[in-house]
Each structure stands twice: as structure tokens, then as C-alpha cells.
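Data block for input.txt (compact mmCIF, C-alpha atoms):
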# COMPACT_ATOMS: atom_id res chain seq x y z
CA MET I 1 -3.74 18.77 14.82
CA SER I 2 -0.57 16.80 14.57
CA ALA I 3 -0.51 15.33 11.08
CA SER I 4 1.61 12.80 9.22
CA PHE I 5 1.55 10.07 6.60
CA ASP I 6 1.25 6.48 7.72
CA ALA I 7 3.07 3.53 6.16
CA LEU I 8 0.58 3.15 3.27
CA GLY I 9 0.28 6.86 2.45
CA ASN I 10 -2.88 7.75 4.37
CA ILE I 11 -2.83 11.24 5.90
CA VAL I 12 -3.69 11.10 9.60
CA GLY I 13 -4.43 14.19 11.69
CA ARG I 14 -4.93 13.91 15.47
CA TYR I 15 -6.79 16.42 17.63
CA PRO I 16 -5.82 14.96 21.00
CA ALA I 17 -7.86 14.94 24.17
CA ALA I 18 -6.28 16.36 27.33
CA ASP I 19 -6.15 12.83 28.71
CA ALA I 20 -3.74 10.66 26.74
CA ALA I 21 -5.70 7.59 27.81
CA ALA I 22 -8.99 8.92 26.38
CA PRO I 23 -10.85 6.92 23.70
CA VAL I 24 -10.24 7.57 20.00
CA VAL I 25 -12.94 8.39 17.45
CA MET I 26 -11.97 8.25 13.77
CA THR I 27 -13.54 10.30 10.99
CA GLY I 28 -12.62 11.26 7.43
CA SER I 29 -12.97 9.69 3.99
CA HIS I 30 -10.97 8.96 0.85
CA GLN I 31 -8.63 11.21 -1.15
CA ASP I 32 -8.63 9.24 -4.39
CA SER I 33 -11.27 9.37 -7.08
CA VAL I 34 -12.37 7.75 -10.31
CA ARG I 35 -11.34 8.98 -13.73
CA ASN I 36 -13.21 12.02 -15.06
CA ALA I 37 -14.68 12.50 -11.60
CA GLY I 38 -16.39 15.09 -9.46
CA LYS I 39 -14.70 16.97 -6.63
CA TYR I 40 -16.82 16.20 -3.56
CA ASP I 41 -16.96 12.38 -3.43
CA GLY I 42 -14.65 11.46 -0.56
CA LEU I 43 -12.91 14.81 -0.18
CA PHE I 44 -15.91 16.49 1.45
CA GLY I 45 -15.75 13.98 4.30
CA ILE I 46 -12.15 14.98 4.99
CA ILE I 47 -12.66 18.73 4.66
CA SER I 48 -15.85 18.85 6.75
CA ALA I 49 -14.09 17.04 9.59
CA ILE I 50 -11.14 19.44 9.42
CA ALA I 51 -13.59 22.36 9.50
CA CYS I 52 -15.09 20.97 12.71
CA ILE I 53 -11.67 20.82 14.35
CA LYS I 54 -10.86 24.32 13.14
CA ASP I 55 -13.99 25.56 14.93
CA LEU I 56 -13.14 23.65 18.11
CA LYS I 57 -9.59 25.00 18.06
CA ALA I 58 -10.81 28.58 17.56
CA ARG I 59 -12.96 28.24 20.70
CA GLY I 60 -10.17 26.57 22.65
CA LYS I 61 -12.27 23.46 23.15
CA ARG I 62 -10.94 19.94 23.53
CA LEU I 63 -13.16 16.88 23.31
CA PRO I 64 -13.21 14.15 25.97
CA TYR I 65 -11.75 11.86 23.34
CA THR I 66 -9.06 12.09 20.68
CA LEU I 67 -10.51 12.82 17.25
CA GLU I 68 -8.55 11.45 14.31
CA VAL I 69 -9.18 12.71 10.77
CA VAL I 70 -7.94 10.29 8.12
CA GLY I 71 -7.49 11.03 4.43
CA LEU I 72 -7.60 7.49 3.09
CA GLY I 73 -6.03 6.28 -0.14
CA ASP I 74 -7.33 3.90 -2.81
CA GLU I 75 -10.98 3.61 -1.80
CA GLU I 76 -12.09 3.48 -5.43
CA GLY I 77 -9.65 0.77 -6.50
CA VAL I 78 -9.10 2.38 -9.91
CA ARG I 79 -5.35 1.95 -10.17
CA PHE I 80 -4.78 -1.54 -8.75
CA GLY I 81 -8.24 -3.10 -9.02
CA THR I 82 -8.91 -3.66 -5.32
CA ALA I 83 -11.05 -1.13 -3.49
CA LEU I 84 -10.86 -0.03 0.16
CA MET I 85 -7.24 -1.11 0.54
CA SER I 86 -6.20 1.62 2.98
CA SER I 87 -9.25 1.41 5.20
CA ARG I 88 -9.00 -2.39 5.19
CA ALA I 89 -5.48 -2.07 6.62
CA ILE I 90 -6.86 0.02 9.48
CA ALA I 91 -9.69 -2.50 9.97
CA GLY I 92 -7.24 -5.41 10.04
CA SER I 93 -8.54 -7.03 6.85
CA PHE I 94 -5.71 -6.13 4.44
CA GLU I 95 -4.59 -8.94 2.14
CA PRO I 96 -0.78 -9.15 1.70
CA SER I 97 -1.26 -10.45 -1.86
CA TRP I 98 -2.60 -7.03 -2.85
CA LEU I 99 0.95 -5.68 -2.69
CA ASP I 100 1.75 -7.67 -5.84
CA LYS I 101 -1.15 -6.23 -7.85
CA THR I 102 -0.02 -4.06 -10.77
CA ASP I 103 -1.45 -1.06 -12.58
CA GLU I 104 -1.78 -0.60 -16.34
CA ARG I 105 1.93 0.24 -16.60
CA GLY I 106 3.01 -2.82 -14.66
CA VAL I 107 3.86 -0.90 -11.46
CA SER I 108 3.05 -2.96 -8.37
CA LEU I 109 1.27 -1.58 -5.35
CA ARG I 110 4.36 -2.43 -3.31
CA SER I 111 6.55 -0.35 -5.62
CA ALA I 112 4.11 2.56 -5.65
CA ILE I 113 4.06 2.68 -1.84
CA GLU I 114 7.84 2.49 -1.59
CA GLU I 115 8.34 5.16 -4.28
CA PHE I 116 5.97 7.44 -2.38
CA GLY I 117 8.09 7.04 0.74
CA GLY I 118 5.94 4.53 2.60
CA ASP I 119 6.69 1.09 3.92
CA ALA I 120 4.66 -1.59 2.16
CA GLU I 121 5.57 -4.29 4.65
CA ALA I 122 4.46 -2.21 7.65
CA TRP I 123 0.73 -2.58 6.90
CA PRO I 124 0.11 -4.77 10.01
CA ALA I 125 0.98 -1.78 12.21
CA LEU I 126 -2.05 0.12 10.86
CA ASN I 127 -4.49 -2.35 12.41
CA ARG I 128 -6.71 -0.45 14.89
CA ARG I 129 -8.85 -3.37 16.04
CA GLY I 130 -9.89 -2.76 19.65
CA LYS I 131 -8.47 0.76 19.61
CA LEU I 132 -11.36 2.83 18.20
CA ALA I 133 -14.56 3.84 19.98
CA ALA I 134 -16.30 4.64 16.68
CA TYR I 135 -15.84 5.55 13.02
CA VAL I 136 -18.06 8.32 11.60
CA GLU I 137 -17.98 9.51 7.98
CA SER I 138 -19.76 12.33 6.15
CA HIS I 139 -20.24 11.87 2.40
CA ILE I 140 -22.30 13.17 -0.49
CA GLU I 141 -25.24 10.89 -1.17
CA GLN I 142 -24.26 10.13 -4.79
CA GLY I 143 -27.95 9.80 -5.60
CA PRO I 144 -31.18 11.86 -5.80
CA VAL I 145 -33.17 10.75 -2.71
CA LEU I 146 -32.37 13.73 -0.47
CA LEU I 147 -32.57 16.09 -3.45
CA ASN I 148 -36.02 14.81 -4.42
CA GLU I 149 -37.26 15.13 -0.84
CA GLY I 150 -35.87 18.62 -0.30
CA LEU I 151 -33.57 17.62 2.57
CA PRO I 152 -29.93 18.69 2.97
CA VAL I 153 -28.75 15.72 5.05
CA GLY I 154 -29.77 12.20 6.05
CA VAL I 155 -28.72 9.32 8.28
CA VAL I 156 -27.37 6.19 6.58
CA THR I 157 -28.83 2.90 7.81
CA ALA I 158 -26.57 0.45 5.96
CA ILE I 159 -24.06 0.26 3.11
CA THR I 160 -24.74 -2.11 0.26
CA GLY I 161 -22.78 -5.30 -0.30
CA ALA I 162 -21.05 -5.70 -3.66
CA ALA I 163 -18.90 -7.83 -5.93
CA ARG I 164 -16.74 -6.88 -8.89
CA LEU I 165 -15.67 -9.28 -11.59
CA ARG I 166 -13.18 -9.16 -14.45
CA VAL I 167 -14.43 -11.18 -17.41
CA ALA I 168 -12.08 -12.18 -20.25
CA VAL I 169 -13.57 -13.61 -23.45
CA ALA I 170 -11.37 -15.13 -26.15
CA GLY I 171 -12.55 -15.78 -29.70
CA LEU I 172 -10.84 -16.51 -32.98
CA ALA I 173 -9.76 -13.83 -35.40
CA GLY I 174 -10.80 -14.38 -39.01
CA HIS I 175 -11.08 -12.41 -42.21
CA ALA I 176 -13.91 -9.86 -42.01
CA GLY I 177 -15.05 -10.69 -45.53
CA THR I 178 -14.34 -14.36 -46.14
CA VAL I 179 -15.50 -16.15 -42.95
CA PRO I 180 -19.19 -17.16 -43.20
CA MET I 181 -21.43 -15.77 -40.45
CA GLY I 182 -22.14 -19.21 -39.00
CA SER I 183 -18.45 -19.98 -38.69
CA ARG I 184 -17.43 -16.85 -36.85
CA ARG I 185 -16.19 -17.02 -33.25
CA ASP I 186 -16.51 -13.34 -32.44
CA ALA I 187 -15.52 -12.63 -28.83
CA LEU I 188 -17.19 -9.22 -28.90
CA CYS I 189 -20.57 -10.69 -29.84
CA ALA I 190 -20.25 -13.25 -27.04
CA ALA I 191 -19.34 -10.51 -24.59
CA ALA I 192 -22.25 -8.37 -25.75
CA GLU I 193 -24.65 -11.22 -25.01
CA MET I 194 -23.10 -11.67 -21.58
CA ILE I 195 -23.44 -7.95 -20.82
CA LEU I 196 -27.11 -7.97 -21.76
CA PHE I 197 -27.63 -11.00 -19.52
CA VAL I 198 -26.28 -8.97 -16.58
CA GLU I 199 -28.84 -6.27 -17.32
CA ARG I 200 -31.76 -8.69 -17.69
CA TYR I 201 -30.86 -10.64 -14.57
CA CYS I 202 -30.62 -7.57 -12.35
CA GLU I 203 -33.78 -6.00 -13.76
CA SER I 204 -35.73 -9.13 -12.88
CA ARG I 205 -34.84 -9.08 -9.18
CA ARG I 206 -35.73 -6.62 -6.48
CA ALA I 207 -33.02 -4.94 -4.41
CA LEU I 208 -30.30 -5.89 -6.91
CA VAL I 209 -28.38 -3.65 -9.29
CA GLY I 210 -25.60 -4.46 -11.72
CA THR I 211 -23.63 -2.78 -14.45
CA VAL I 212 -20.71 -3.19 -16.82
CA GLY I 213 -18.43 -0.23 -16.33
CA LYS I 214 -15.52 -1.03 -18.64
CA LEU I 215 -15.19 -2.84 -21.97
CA SER I 216 -11.91 -3.39 -23.79
CA VAL I 217 -11.77 -4.88 -27.29
CA LEU I 218 -8.41 -6.17 -28.50
CA PRO I 219 -8.53 -6.97 -32.22
CA GLY I 220 -6.43 -9.76 -33.67
CA ALA I 221 -5.41 -7.64 -36.68
CA ILE I 222 -6.71 -4.92 -38.95
CA ASN I 223 -10.00 -5.77 -40.71
CA VAL I 224 -10.64 -8.95 -38.74
CA ILE I 225 -13.13 -9.76 -36.03
CA PRO I 226 -12.12 -9.07 -32.42
CA GLN I 227 -10.10 -11.84 -30.86
CA ASP I 228 -10.10 -10.90 -27.16
CA VAL I 229 -12.50 -8.87 -25.05
CA GLU I 230 -12.36 -7.93 -21.39
CA PHE I 231 -15.11 -6.28 -19.37
CA SER I 232 -15.95 -5.53 -15.75
CA VAL I 233 -19.11 -6.42 -13.84
CA ASP I 234 -20.27 -4.59 -10.71
CA VAL I 235 -23.24 -6.11 -8.85
CA ARG I 236 -24.67 -4.79 -5.55
CA SER I 237 -27.40 -5.44 -3.03
CA GLY I 238 -28.16 -4.68 0.60
CA GLU I 239 -28.94 -8.41 0.91
CA ASN I 240 -25.76 -10.45 0.69
CA ALA I 241 -27.52 -13.55 -0.63
CA LEU I 242 -28.75 -11.66 -3.69
CA TRP I 243 -25.39 -10.46 -4.97
CA ARG I 244 -23.77 -13.82 -4.23
CA GLU I 245 -26.46 -15.63 -6.21
CA ALA I 246 -25.96 -13.15 -9.05
CA VAL I 247 -22.22 -13.84 -9.21
CA GLU I 248 -22.89 -17.59 -9.47
CA ALA I 249 -25.56 -17.06 -12.13
CA PHE I 250 -23.26 -14.85 -14.20
CA GLY I 251 -20.52 -17.48 -14.15
CA ARG I 252 -22.89 -20.25 -15.29
CA GLU I 253 -24.55 -18.22 -18.06
CA PHE I 254 -21.30 -16.72 -19.35
CA GLN I 255 -19.91 -20.24 -19.78
CA LYS I 256 -23.00 -21.35 -21.71
CA ILE I 257 -22.81 -18.32 -24.00
CA ALA I 258 -19.11 -18.86 -24.67
CA GLU I 259 -19.57 -22.55 -25.48
CA ARG I 260 -22.49 -21.84 -27.82
CA ARG I 261 -20.46 -19.23 -29.68
CA GLY I 262 -17.19 -21.18 -29.89
CA SER I 263 -15.43 -18.85 -27.48
CA SER I 264 -13.85 -19.28 -24.06
CA VAL I 265 -14.40 -17.20 -20.94
CA ILE I 266 -12.60 -16.65 -17.64
CA VAL I 267 -14.45 -14.93 -14.79
CA SER I 268 -12.11 -13.57 -12.11
CA PRO I 269 -13.34 -12.11 -8.80
CA VAL I 270 -11.73 -8.73 -8.19
CA TYR I 271 -13.49 -7.50 -5.07
CA SER I 272 -16.32 -8.41 -2.74
CA ALA I 273 -17.74 -6.96 0.45
CA ASP I 274 -20.72 -7.83 2.59
CA ALA I 275 -23.41 -5.26 3.33
CA ALA I 276 -22.49 -3.21 6.40
CA PRO I 277 -25.12 -2.07 8.90
CA CYS I 278 -24.65 1.28 10.61
CA ASP I 279 -24.74 1.26 14.41
CA ALA I 280 -28.25 2.01 15.70
CA ASP I 281 -27.08 4.16 18.64
CA LEU I 282 -24.80 6.24 16.43
CA GLN I 283 -27.67 6.67 13.97
CA ASP I 284 -29.80 8.02 16.82
CA GLN I 285 -27.11 10.51 17.81
CA LEU I 286 -26.72 11.73 14.23
CA ALA I 287 -30.51 12.04 14.01
CA LYS I 288 -30.53 14.21 17.16
CA ALA I 289 -27.80 16.42 15.68
CA ILE I 290 -29.89 16.87 12.52
CA ALA I 291 -33.04 17.64 14.51
CA GLU I 292 -31.10 20.30 16.46
CA GLN I 293 -30.66 22.13 13.14
CA GLY I 294 -34.45 22.17 12.70
CA ILE I 295 -34.30 19.64 9.85
CA ALA I 296 -36.54 16.61 9.39
CA VAL I 297 -34.62 13.37 9.88
CA ARG I 298 -34.47 11.02 6.90
CA HIS I 299 -32.98 7.54 7.17
CA LEU I 300 -31.74 5.94 3.93
CA ALA I 301 -29.48 3.15 2.77
CA SER I 302 -26.34 3.67 0.69
CA GLY I 303 -26.21 2.01 -2.71
CA ALA I 304 -22.54 2.92 -3.04
CA GLY I 305 -19.64 1.41 -1.15
CA HIS I 306 -17.63 3.53 1.30
CA ASP I 307 -14.59 3.18 3.54
CA ALA I 308 -17.00 3.10 6.48
CA MET I 309 -18.24 -0.35 5.47
CA VAL I 310 -15.06 -2.12 6.61
CA PHE I 311 -15.27 -0.86 10.21
CA PRO I 312 -18.23 -2.75 11.81
CA PRO I 313 -16.06 -5.80 12.63
CA ILE I 314 -13.74 -3.61 14.74
CA CYS I 315 -15.90 -0.71 16.00
CA PRO I 316 -19.37 0.86 15.66
CA MET I 317 -19.81 2.86 12.44
CA ALA I 318 -22.11 5.60 11.20
CA MET I 319 -22.48 7.80 8.11
CA LEU I 320 -24.03 11.19 7.44
CA PHE I 321 -25.25 11.75 3.87
CA VAL I 322 -25.27 15.20 2.29
CA ARG I 323 -27.56 16.22 -0.56
CA CYS I 324 -26.03 15.82 -4.01
CA GLY I 325 -27.23 18.38 -6.57
CA ASN I 326 -27.77 18.09 -10.31
CA ASN I 327 -30.11 15.07 -10.21
CA GLY I 328 -27.79 13.22 -7.86
CA ILE I 329 -25.03 12.83 -10.45
CA SER I 330 -21.69 11.65 -9.01
CA HIS I 331 -18.43 10.16 -10.30
CA HIS I 332 -18.65 12.86 -12.98
CA PRO I 333 -17.45 16.47 -13.39
CA ASP I 334 -21.09 17.60 -13.07
CA GLU I 335 -21.19 16.32 -9.47
CA THR I 336 -22.11 19.24 -7.22
CA MET I 337 -23.39 20.37 -3.84
CA THR I 338 -24.27 23.77 -2.40
CA ALA I 339 -22.27 25.80 0.10
CA ASP I 340 -25.38 25.98 2.30
CA ASP I 341 -25.65 22.20 2.43
CA ALA I 342 -21.93 21.92 3.20
CA GLU I 343 -22.43 24.34 6.10
CA ILE I 344 -25.44 22.42 7.43
CA ALA I 345 -23.69 19.05 7.18
CA THR I 346 -20.59 20.38 8.95
CA SER I 347 -22.75 21.89 11.71
CA VAL I 348 -24.50 18.54 12.18
CA LEU I 349 -21.14 16.76 12.34
CA LEU I 350 -19.77 19.29 14.83
CA HIS I 351 -22.85 18.92 17.06
CA PHE I 352 -22.38 15.16 16.97
CA PHE I 353 -18.71 15.40 17.95
CA GLU I 354 -19.37 17.83 20.80
CA HIS I 355 -22.17 15.75 22.33
CA PHE I 356 -20.74 12.28 21.79
CA ASP I 357 -19.81 10.49 25.02
CA ALA I 358 -17.13 8.25 23.58
CA ALA I 359 -16.09 6.72 26.90
CA ALA I 360 -19.60 5.64 27.85
CA PHE I 361 -20.30 4.47 24.31
CA ALA I 362 -17.07 2.46 24.11
CA SER I 363 -17.75 0.88 27.48
CA LYS I 364 -21.25 -0.13 26.41
CA GLN I 365 -19.97 -1.59 23.15
CA GLY I 366 -17.10 -3.41 24.83
CA THR I 367 -14.48 -1.55 22.75
CA ALA I 368 -11.44 0.53 23.70

Write out the structure in this file as C-alpha cells.
Amino acid sequence: MSASFDALGNIVGRYPAADAAAPVVMTGSHQDSVRNAGKYDGLFGIISAIACIKDLKARGKRLPYTLEVVGLGDEEGVRFGTALMSSRAIAGSFEPSWLDKTDERGVSLRSAIEEFGGDAEAWPALNRRGKLAAYVESHIEQGPVLLNEGLPVGVVTAITGAARLRVAVAGLAGHAGTVPMGSRRDALCAAAEMILFVERYCESRRALVGTVGKLSVLPGAINVIPQDVEFSVDVRSGENALWREAVEAFGREFQKIAERRGSSVIVSPVYSADAAPCDADLQDQLAKAIAEQGIAVRHLASGAGHDAMVFPPICPMAMLFVRCGNNGISHHPDETMTADDAEIATSVLLHFFEHFDAAAFASKQGTA
């Protein structure tokens, strides 16, 4: 492959077709991870694709289309608070205001890109709308479905929609011993009630999940009640109406809780994305590749977000899930998969690439 960094720091490797005018298929995943993470989330999708090209190269085989492997940056959104930034640039949905977002040290995304050697203002050039025949990503499942059913791989049907919120609660610091209980305006207690409301609300509705992943308590002084609290909310559903309704309900109830407790609250949207359906024809071709390995085909939805979810507006998209070991644990050092499953998944992906008629598919879909 020819490989280089693009303007935002993604690593792009191209395995070109003999015909320079041939369609382009993109594959890969994200390089970044969460704190205290595992080592397969994202990275496996990059490595498995490279392994496929290594095999093709060893056999002297070129595909009838150019295959691009992309190592994407900032899928998780940990540093700057906005997920899928790099893939959104490729999908033409990058927001220029993101460049002004800052990390915990006050470093802006613009500065981080420039310091790395990129060009923050060149993000429009990454837009591949109308230039991709398909996007295909392999990824660990990050859950126990395939593990529980004894299957090494599965075909993803859709990727869940999601919203993330940053909630700031302000109370009033007072002496821990002298302020009567009924007069206290404890921001932490208000936040705790809000967090429990998130749990109750999501438990009471089907096909909806929500969690609070981060809680910061900033005390006013030593030996006094907390004055300011900030926490995150992550709510997801494969049905867009459900997570949107949840966001509205959280805002209303949080305000009521704050008013009742003499506190104030600000709810700030950080990220949102609609559910993304996987292309039916690409699902069928992945299913055939799995069946060729003598494995039963399992279709399942993804409860986690992925770079793949930004691509349906610009090209057909599909995902291959790989069994996650250790009870499906992910985003944790105990995240694991077996070498056998990695081999099977890579063989499925390779079979897909070798049998994919990108020109006919692109023509049918009306894409380049």
C-alpha cells in the first residue's frame, strides 16, 4: 500500500486497482481508545484489513477496485468531547466549531492538529461524498451475544442512535456542621437524584439504555457541602424517537429536581447521532462470506456507536462483528478475543473483498 497521514491525522493506506478509474471501497476503524481500555476495540478493524491486503499482495492479486484502509482518529471523543470527528470529516458532516473545542488542559483541537503536523483548516478536502462505492468495518462485538451463542462472527443490521449530555449542577456551599438539613442546597444530592432518574427512566422503556459515565464533584471548601457537580449522560436506542424523547424528559426532570432542592442546572448537548441501518445487499454478501467458512449466520444490531454509522448518507455501509470473550467485556483491560476468531473474521473479510463487485454495486446504488 501507499500510506500517508491526511490533514486531520488519519492514516490512509491505498491498495490500488490496476485501473486508476476503478471504484474505491473503504475499510478500517479507529486508532483511539477510552481511558483504561482494552486493545481490540477499533484496532482490530484496522489490523484485520491490513492482513487481508498482505495476503492479496503475497498472491500477487489486485482487486477490481481500490481498497483503502483508514486508521481513524478520535472516534471515542474522549479528549475533546465530540465523537466520530475524523470519520465525520470523510462523510462530509464535520462541524467547523469543533476545532475550537478544548481538552482538560485547555488545548484546542485546532492546536492539537497543527502541533501534530496536520492542517486543521483543510478538513473540507477530506469529504468523500460521491467517491466511495462502500464502507465496510470489522469490529469486536463489545457484548456477549455471539459468545453466548457460540458463534465467532456475525452480521450487523444497524447501529444504535445516541445522545450524550454534559450536566452541570450548582448548589451553595455551607458549613458541614452548622447548616440545618432543611436549609442545605447540596449540588451532589441534586445530581444523585438526577442520576437515579436516568436509571429509572431507561429501565421503564423497551429498547432504551442510558448511563452516567463520569461524575465530578468540586467542593466549595474543606469541610463544606459540594458546591458544583458535573456529570455525563449517555442514552441510546435503535429507535431515534426513543432517545430524543429521553433527552427531553431528562431536561424537564433535572430542572424540577434542581428547583426543589434550591440548586441550578445546565444541560448541554455534547453529541448526537441517528441510528444507522446497514445496507441490506452488503449484509447478504457478508452473510455469504460467513457461510463459506461453514459458520451459521447470525444477524444482530450494535448497541455501541462506530465510525461506520456516519457513512450511510454518502455510501452503503456494512459491519462484521467478531466474538468478544470474557463475558463480552469491552472498554476495559480485560477485553479479549481469541486468535482463532481473529483468523476466522479476517478470512470472512478477505472472502468478501475478493468477491465484491464494486463497479456493479456502485452502479446499482447510484454512487461513484

Given the choices I:Val348, I:Ala342, I:Val247, I:Ala170, which gets closest to Tyr271 of chain I if the distance is worked out from only C-alpha atoms? I:Val247

Closest of I:Ala276, I:Met309, I:Leu165, I:Val145 to Arg244 of chain I, counting only C-alpha atoms, is I:Leu165

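When all atoms listed in the file are used to measure the gap to Val229 of chain I, the shortest distance among I:Ala187, I:Val297, I:Asp74, I:Val179 belongs to I:Ala187.
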
Just the residues within 8 Å of Asp307 of chain I, please, counting only C-alpha atoms, with nothing from its chain fewer than 2 positions along; format it as a PyMOL selection string. chain I and resi 29-30+75+84+87+305+309-311

Computed interatomic separation between atom CA of Leu67 of chain I and atom CA of Thr346 of chain I (Å): 15.1 Å

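Considering all atoms listed in the file, the residue among I:Thr66, I:Asn127, I:Ser237, I:Gln142 positioned nearest to Ala158 of chain I is I:Ser237.
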
Atom CA of Asp234 of chain I sits from atom CA of Arg110 of chain I at a separation of 25.8 Å

Please identify all polymer residues within 9 Å of segment 3-10 of chain I, counting all atoms listed in the file, omitting same-chain residues fewer than 6 positions from it, and present them as a ChimeraX atom specification. /I:30-31,70-73,86,89,113-114,116-123,125-126

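Computed from the coordinates, the atom CA of Cys52 of chain I to atom CA of Ser138 of chain I distance equals 11.8 Å.
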
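The closest residue to Glu253 of chain I, picked from I:Gly13, I:Glu193, I:Phe94, I:Met26 and counting only C-alpha atoms, is I:Glu193.
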
Selection near Pro313 of chain I, 10 Å with only C-alpha atoms, sequence-local residues under 5 positions removed, as a list in words: Ala91, Gly92, Ser93, Arg129, Gly130 and Ala276 of chain I

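Each of I:Ala275, I:Leu132, I:Val24, I:Ala362 was compared to Leu242 of chain I using all atoms listed in the file, and I:Ala275 turns out to be the nearest.
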
Might you pull out every residue within 7 Å of segment 329-334 of chain I, with all atoms listed in the file counted and same-chain residues fewer than 3 positions away left off, and present them as an NGL selection string? :I and (34 or 36-38 or 142-143 or 326)
